[in-house]
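Reading through the structure tokens given below for one structure.
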Amino acid sequence: MNRITNLFGIRWPIIQAGIVWAAGWELCAAVSKAGALGLIGAGSMKPDLLQLHIRKAKAALQNQEPFGVNIPLQRGDADELVQVCLDENVKILFTSAGNPGRFTPTFKEREVTVVHVVPSVVLAQEAEARGVDAVVCEGTEAGGHDGVDEIPTFVLVPQVVDAVKIPVIAAGGIVNGRGIAAAMALGAEGAQIGTRFAATVESSAHPRYKQAVLKATDTSTVFALRKIGPVRMLRNPFAERCADAESRGASEEEQQALRGEHRERIGIFEGDWEEGMFEAGMGAGLIHDLPNAADLVARLVREYDDAMARLNAAVNTLK
Ligand SMILES: Cc1cc2nc3c(=O)[nH]c(=O)nc-3n(C[C@H](O)[C@H](O)[C@H](O)COP(=O)(O)O)c2cc1C
């Protein structure tokens, strides 16, 4: 039990990230049923589809376990997505990529718990000042859209923990119980996990996406498109083109043209290895199987306990 389990009313302080094209109601409900917090990733959904996913998650969970929705605030229709969540009485929202202050007064009024994703100390302090209940502190190891300052989780988490009073959830590079134990040692009170949950049975990512994650090693991701919004993704032909463009100093316009549209859908959902964006984190090299979500949550907890027992044993031998 800690501030994060209390905030959400969950058993384990583990959050399945709102991973675009991979986190629909099935993954969200399976994770929440297992005692962690499942999120529906609204980043790939129009408002009516989001409503459908929320209703299906509710039906699957029958009001027994909490769940939430992730809304990337840079979306042109963010207001509509937020409205759908309010209308459907969703009680937990994770916002990212934008200013959460636009919505916090409404969230407070409607008793919605809101968590904002931040990549730096200053943005964590801003989010706290704007009234969010917790922050996800996301290091540059993370899959998907990352902060421009490229700060790794290992140094970002303790600095954010020291700078804010609200609870901090660590994200970026956490794929097993050892990673969760490390995040807790750095002062986090929870772990948000993306790439690992994208490679599960209930994830709606394409089988080719999941197989590509399984094949990945420590050097399989590329961080590119810095001028127009940096992304960490698996090294495929599209990612190589992005990295090449960047290294020859391609302009913002050129990078925008290269990125084009719908790359996440083409990659994560349709599995096009040549043309798609396969967003994934640096921890992909530690992923070797495709478990179902409940088994994964149970395993994460077991591994966390093992890691803590090993650390305690090591401390005892030193005494
Ligand atoms: C396939 C994929 C899609 C993602 N989509 C989103 C998204 O829509 N919104 C968001 O806030 N974060 C998104 N992220 C980032 C995750 O929320 C999470 O913070 C990150 O995956 C944590 O790092 P990890 O991948 O090393 O676990 C995505 C990550 C991945 C791998």
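Every chain in the structure tokens takes a letter, A first, then B, and so on in the order presented; its residues are numbered from 1, and the ligands are numbered from 1 following the presented order.
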If you run DSSP on the backbone, which residues of region 58-205 of chain A are helix (DSSP H, G or I), as a ChimeraX atom specification?
-> /A:58-61,78-87,100-102,104-109,121-129,153-163,177-185,195-198
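Using only C-alpha atoms and all ligand atoms as the basis for the distance check, residues found within 6 Å of ligand 1 are A:Ala17, A:Gly18, A:Ile19, A:Val20, A:Gly41, A:Gly43, A:Pro72, A:Ser96, A:Glu138, A:Glu141, A:Ala142, A:Gly143, A:Gly144, A:Ala171, A:Gly172, A:Gly173, A:Ile174, A:Ile193, A:Gly194, A:Thr195, A:Glu279, A:Ala280, A:Gly281, A:Gly283.
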May I have the residues from that selection written out with all heavy atoms, as a short mmCIF file (atom, residue, chain, number, x, y, z; two decimals), in the first residue's frame?
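This is the output file part_0.cif:
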data_model
loop_
_atom_site.label_atom_id
_atom_site.label_comp_id
_atom_site.auth_asym_id
_atom_site.auth_seq_id
_atom_site.Cartn_x
_atom_site.Cartn_y
_atom_site.Cartn_z
N ALA A 17 0.37 1.43 -19.47
CA ALA A 17 0.33 2.73 -20.14
C ALA A 17 -0.73 2.78 -21.24
O ALA A 17 -1.12 1.76 -21.80
CB ALA A 17 1.70 3.03 -20.75
N GLY A 18 -1.14 4.01 -21.55
CA GLY A 18 -2.10 4.21 -22.65
C GLY A 18 -1.38 4.15 -23.97
O GLY A 18 -1.10 5.17 -24.59
N ILE A 19 -1.08 2.95 -24.42
CA ILE A 19 -0.26 2.74 -25.61
C ILE A 19 -1.14 2.74 -26.87
O ILE A 19 -1.97 1.86 -27.06
CB ILE A 19 0.55 1.43 -25.50
CG1 ILE A 19 -0.23 0.39 -24.69
CG2 ILE A 19 1.89 1.69 -24.86
CD1 ILE A 19 0.49 -0.92 -24.45
N VAL A 20 -0.88 3.74 -27.71
CA VAL A 20 -1.71 3.97 -28.88
C VAL A 20 -1.76 2.72 -29.78
O VAL A 20 -0.76 2.05 -29.96
CB VAL A 20 -1.14 5.23 -29.61
CG1 VAL A 20 0.10 4.93 -30.40
CG2 VAL A 20 -2.16 5.92 -30.44
N GLY A 41 -6.06 3.56 -24.25
CA GLY A 41 -5.27 4.57 -24.95
C GLY A 41 -6.13 5.28 -25.97
O GLY A 41 -6.38 4.78 -27.07
N GLY A 43 -5.44 7.81 -27.68
CA GLY A 43 -4.64 8.45 -28.73
C GLY A 43 -4.98 7.99 -30.13
O GLY A 43 -4.79 8.72 -31.09
N PRO A 72 -3.89 12.05 -24.98
CA PRO A 72 -2.82 12.97 -25.39
C PRO A 72 -3.46 14.33 -25.72
O PRO A 72 -4.28 14.44 -26.62
CB PRO A 72 -2.22 12.30 -26.64
CG PRO A 72 -2.74 10.89 -26.63
CD PRO A 72 -4.08 10.96 -25.94
N SER A 96 -1.36 13.57 -21.35
CA SER A 96 0.04 13.67 -21.78
C SER A 96 0.12 14.71 -22.88
O SER A 96 -0.90 15.10 -23.46
CB SER A 96 0.55 12.30 -22.28
OG SER A 96 -0.36 11.73 -23.20
N GLU A 138 8.57 10.34 -17.15
CA GLU A 138 8.91 9.43 -18.25
C GLU A 138 10.30 9.73 -18.81
O GLU A 138 10.54 10.78 -19.39
CB GLU A 138 7.85 9.56 -19.36
CG GLU A 138 7.98 8.52 -20.43
CD GLU A 138 7.05 8.82 -21.61
OE1 GLU A 138 7.20 9.89 -22.22
OE2 GLU A 138 6.19 8.00 -21.90
N GLU A 141 14.18 6.47 -22.24
CA GLU A 141 14.18 5.06 -22.64
C GLU A 141 12.81 4.63 -23.18
O GLU A 141 12.67 3.60 -23.84
CB GLU A 141 14.48 4.15 -21.44
CG GLU A 141 15.83 4.32 -20.79
CD GLU A 141 15.81 5.33 -19.65
OE1 GLU A 141 15.03 6.32 -19.75
OE2 GLU A 141 16.56 5.15 -18.68
N ALA A 142 11.79 5.42 -22.84
CA ALA A 142 10.40 5.02 -23.12
C ALA A 142 10.11 4.91 -24.61
O ALA A 142 10.63 5.68 -25.43
CB ALA A 142 9.44 6.04 -22.49
N GLY A 143 9.21 3.99 -24.94
CA GLY A 143 8.71 3.91 -26.31
C GLY A 143 7.75 5.05 -26.58
O GLY A 143 7.11 5.57 -25.67
N GLY A 144 7.66 5.44 -27.86
CA GLY A 144 6.70 6.48 -28.25
C GLY A 144 7.29 7.88 -28.17
O GLY A 144 8.50 8.06 -28.27
N ALA A 171 8.36 5.91 -15.42
CA ALA A 171 8.12 5.24 -16.71
C ALA A 171 9.35 5.37 -17.58
O ALA A 171 10.10 6.34 -17.49
CB ALA A 171 6.92 5.86 -17.41
N GLY A 172 9.51 4.38 -18.44
CA GLY A 172 10.64 4.41 -19.38
C GLY A 172 11.65 3.34 -19.03
O GLY A 172 12.42 3.49 -18.09
N GLY A 173 11.60 2.22 -19.77
CA GLY A 173 12.58 1.17 -19.58
C GLY A 173 12.22 0.16 -18.51
O GLY A 173 13.03 -0.71 -18.18
N ILE A 174 11.00 0.24 -17.95
CA ILE A 174 10.62 -0.72 -16.92
C ILE A 174 9.85 -1.87 -17.60
O ILE A 174 8.78 -1.65 -18.17
CB ILE A 174 9.73 -0.06 -15.84
CG1 ILE A 174 10.47 1.15 -15.24
CG2 ILE A 174 9.36 -1.07 -14.75
CD1 ILE A 174 9.61 2.00 -14.32
N ILE A 193 4.09 1.12 -17.36
CA ILE A 193 4.79 0.21 -18.26
C ILE A 193 4.09 0.17 -19.61
O ILE A 193 2.87 -0.08 -19.66
CB ILE A 193 4.85 -1.20 -17.61
CG1 ILE A 193 5.57 -1.12 -16.26
CG2 ILE A 193 5.48 -2.21 -18.54
CD1 ILE A 193 5.70 -2.43 -15.51
N GLY A 194 4.83 0.44 -20.69
CA GLY A 194 4.22 0.49 -22.02
C GLY A 194 4.61 -0.68 -22.91
O GLY A 194 3.79 -1.56 -23.19
N THR A 195 5.87 -0.69 -23.35
CA THR A 195 6.30 -1.69 -24.34
C THR A 195 6.00 -3.12 -23.88
O THR A 195 5.54 -3.95 -24.66
CB THR A 195 7.82 -1.51 -24.62
OG1 THR A 195 8.05 -0.15 -24.98
CG2 THR A 195 8.27 -2.41 -25.74
N GLU A 279 6.53 2.08 -32.51
CA GLU A 279 6.96 2.72 -31.26
C GLU A 279 7.27 1.65 -30.21
O GLU A 279 6.44 0.77 -29.95
CB GLU A 279 5.84 3.64 -30.74
CG GLU A 279 5.60 4.83 -31.63
CD GLU A 279 4.52 5.76 -31.08
OE1 GLU A 279 3.90 5.45 -30.05
OE2 GLU A 279 4.30 6.81 -31.70
N ALA A 280 8.46 1.73 -29.62
CA ALA A 280 8.85 0.77 -28.57
C ALA A 280 10.02 1.34 -27.80
O ALA A 280 10.81 2.14 -28.32
CB ALA A 280 9.24 -0.58 -29.19
N GLY A 281 10.14 0.90 -26.55
CA GLY A 281 11.18 1.44 -25.68
C GLY A 281 12.46 0.60 -25.69
O GLY A 281 12.49 -0.51 -26.20
N GLY A 283 13.80 -0.97 -23.42
CA GLY A 283 13.71 -2.21 -22.65
C GLY A 283 13.21 -3.39 -23.47
O GLY A 283 13.12 -4.52 -22.97
#
Interface rows for region 28-84 of chain A against region 291-309 of chain A: nearest pair, Å to one decimal, 6 Å, only C-alpha atoms, as CSV:
residue,atom,partner,partner_atom,distance
A:Ala30,CA,A:Ala293,CA,6.0
A:Val31,CA,A:Ala293,CA,5.7
A:Ala34,CA,A:Ala294,CA,5.2
Counting only C-alpha atoms, what is within 6 Å of Leu37 (chain A), bar same-chain residues fewer than 5 positions away, as number ranges by chain?
-> A: 15, 32, 67
What lies within 12 Å of Gly147 (chain A) using only C-alpha atoms, ignoring chain neighbours under 3 positions off, as a ChimeraX atom specification?
-> /A:96-98,117-121,123,137-144,150-153,156,172,223-232
When DSSP works through the backbone of this structure, what residues of region 23-177 of chain A end up as strand (DSSP E or B), shown as a VMD selection string?
-> chain A and resid 37 to 41 67 to 72 92 to 96 113 to 118 134 to 138 144 to 145 168 to 171
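Considering the residues A:Val164, A:Leu186, A:Ala284, A:Val155 and counting only C-alpha atoms, Thr221 (chain A) has its shortest atom-to-atom contact with A:Ala284.
Note that CA of Arg11 (chain A) and CA of Leu61 (chain A) are 15.0 Å apart.
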Within 7 Å of region 261-271 of chain A, which residues of region 156-227 of chain A show up? Give each one with its shortest atom-to-atom distance in Å (one decimal) and the two atoms involved, counting only C-alpha atoms, rows by chain then rising residue number, as a Markdown table.
| residue | atom | partner | partner_atom | distance |
| --- | --- | --- | --- | --- |
| A:Ala205 | CA | A:Phe269 | CA | 5.0 |
| A:His206 | CA | A:Phe269 | CA | 4.9 |
| A:Arg208 | CA | A:Gly271 | CA | 5.2 |
| A:Tyr209 | CA | A:Gly271 | CA | 5.6 |
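Here the question is which of A:Gln159, A:Asn99, A:Gln192, A:Ser220 gets nearest to Val136 (chain A) using only C-alpha atoms, and that residue is A:Gln192.
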Any idea what the distance is between CA of Thr200 (chain A) and CA of Lys33 (chain A)?
-> 15.0 Å
If you count only C-alpha atoms, which residues fall within 9 Å of region 286-289 of chain A, apart from same-chain ones fewer than 5 positions away, as a ChimeraX atom specification?
-> /A:175-176,195-196,199-200,213-218
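For the pair CA of Leu318 (chain A) and CA of Val157 (chain A), the interatomic distance is 27.2 Å.
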Can you pull out every residue within 12 Å of Leu49 (chain A), counting only C-alpha atoms, but drop anything in the same chain fewer than 4 positions away, and send it as a PDB file with N, CA and C atoms, in the first residue's frame?
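Now in part11.pdb:
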ATOM      1  N   GLY A  24      -6.667  -1.185 -26.040  1.00  0.00           N
ATOM      2  CA  GLY A  24      -8.119  -1.058 -26.092  1.00  0.00           C
ATOM      3  C   GLY A  24      -8.718  -1.617 -24.809  1.00  0.00           C
ATOM      4  N   TRP A  25     -10.032  -1.808 -24.816  1.00  0.00           N
ATOM      5  CA  TRP A  25     -10.712  -2.245 -23.592  1.00  0.00           C
ATOM      6  C   TRP A  25     -10.255  -3.614 -23.116  1.00  0.00           C
ATOM      7  N   ILE A  40      -7.183   2.758 -21.092  1.00  0.00           N
ATOM      8  CA  ILE A  40      -7.536   2.736 -22.515  1.00  0.00           C
ATOM      9  C   ILE A  40      -6.748   3.853 -23.175  1.00  0.00           C
ATOM     10  N   GLY A  41      -6.059   3.559 -24.250  1.00  0.00           N
ATOM     11  CA  GLY A  41      -5.265   4.573 -24.952  1.00  0.00           C
ATOM     12  C   GLY A  41      -6.133   5.285 -25.967  1.00  0.00           C
ATOM     13  N   ALA A  42      -6.595   6.505 -25.616  1.00  0.00           N
ATOM     14  CA  ALA A  42      -7.504   7.226 -26.521  1.00  0.00           C
ATOM     15  C   ALA A  42      -6.762   7.858 -27.699  1.00  0.00           C
ATOM     16  N   GLY A  43      -5.436   7.806 -27.675  1.00  0.00           N
ATOM     17  CA  GLY A  43      -4.637   8.450 -28.728  1.00  0.00           C
ATOM     18  C   GLY A  43      -4.985   7.990 -30.130  1.00  0.00           C
ATOM     19  N   SER A  44      -5.511   6.783 -30.272  1.00  0.00           N
ATOM     20  CA  SER A  44      -5.834   6.271 -31.612  1.00  0.00           C
ATOM     21  C   SER A  44      -7.340   6.245 -31.860  1.00  0.00           C
ATOM     22  N   MET A  45      -8.108   6.892 -30.983  1.00  0.00           N
ATOM     23  CA  MET A  45      -9.570   6.729 -31.085  1.00  0.00           C
ATOM     24  C   MET A  45     -10.298   8.048 -31.328  1.00  0.00           C
ATOM     25  N   HIS A  53     -15.207   1.755 -26.286  1.00  0.00           N
ATOM     26  CA  HIS A  53     -14.191   1.045 -25.492  1.00  0.00           C
ATOM     27  C   HIS A  53     -14.439   1.232 -23.991  1.00  0.00           C
ATOM     28  N   ILE A  54     -14.839   2.436 -23.595  1.00  0.00           N
ATOM     29  CA  ILE A  54     -15.116   2.675 -22.171  1.00  0.00           C
ATOM     30  C   ILE A  54     -16.279   1.783 -21.725  1.00  0.00           C
ATOM     31  N   ARG A  55     -17.310   1.726 -22.549  1.00  0.00           N
ATOM     32  CA  ARG A  55     -18.487   0.921 -22.164  1.00  0.00           C
ATOM     33  C   ARG A  55     -18.126  -0.564 -22.077  1.00  0.00           C
ATOM     34  N   LYS A  56     -17.289  -1.024 -23.020  1.00  0.00           N
ATOM     35  CA  LYS A  56     -16.896  -2.450 -22.987  1.00  0.00           C
ATOM     36  C   LYS A  56     -16.019  -2.730 -21.773  1.00  0.00           C
ATOM     37  N   GLU A  80     -13.252  16.977 -26.876  1.00  0.00           N
ATOM     38  CA  GLU A  80     -14.333  15.994 -27.081  1.00  0.00           C
ATOM     39  C   GLU A  80     -14.022  14.680 -26.382  1.00  0.00           C
ATOM     40  N   LEU A  81     -12.741  14.277 -26.442  1.00  0.00           N
ATOM     41  CA  LEU A  81     -12.359  13.023 -25.773  1.00  0.00           C
ATOM     42  C   LEU A  81     -12.567  13.150 -24.266  1.00  0.00           C
ATOM     43  N   VAL A  84     -16.268  12.898 -23.477  1.00  0.00           N
ATOM     44  CA  VAL A  84     -16.755  11.508 -23.488  1.00  0.00           C
ATOM     45  C   VAL A  84     -16.443  10.853 -22.140  1.00  0.00           C
ATOM     46  N   CYS A  85     -15.212  11.069 -21.639  1.00  0.00           N
ATOM     47  CA  CYS A  85     -14.824  10.457 -20.355  1.00  0.00           C
ATOM     48  C   CYS A  85     -15.702  10.983 -19.223  1.00  0.00           C
TER      49      CYS A  85
END
Counting only C-alpha atoms, closest pick from A:Asn70, A:Gly190, A:Val222, A:Ile92 relative to Asp146 (chain A) is A:Val222
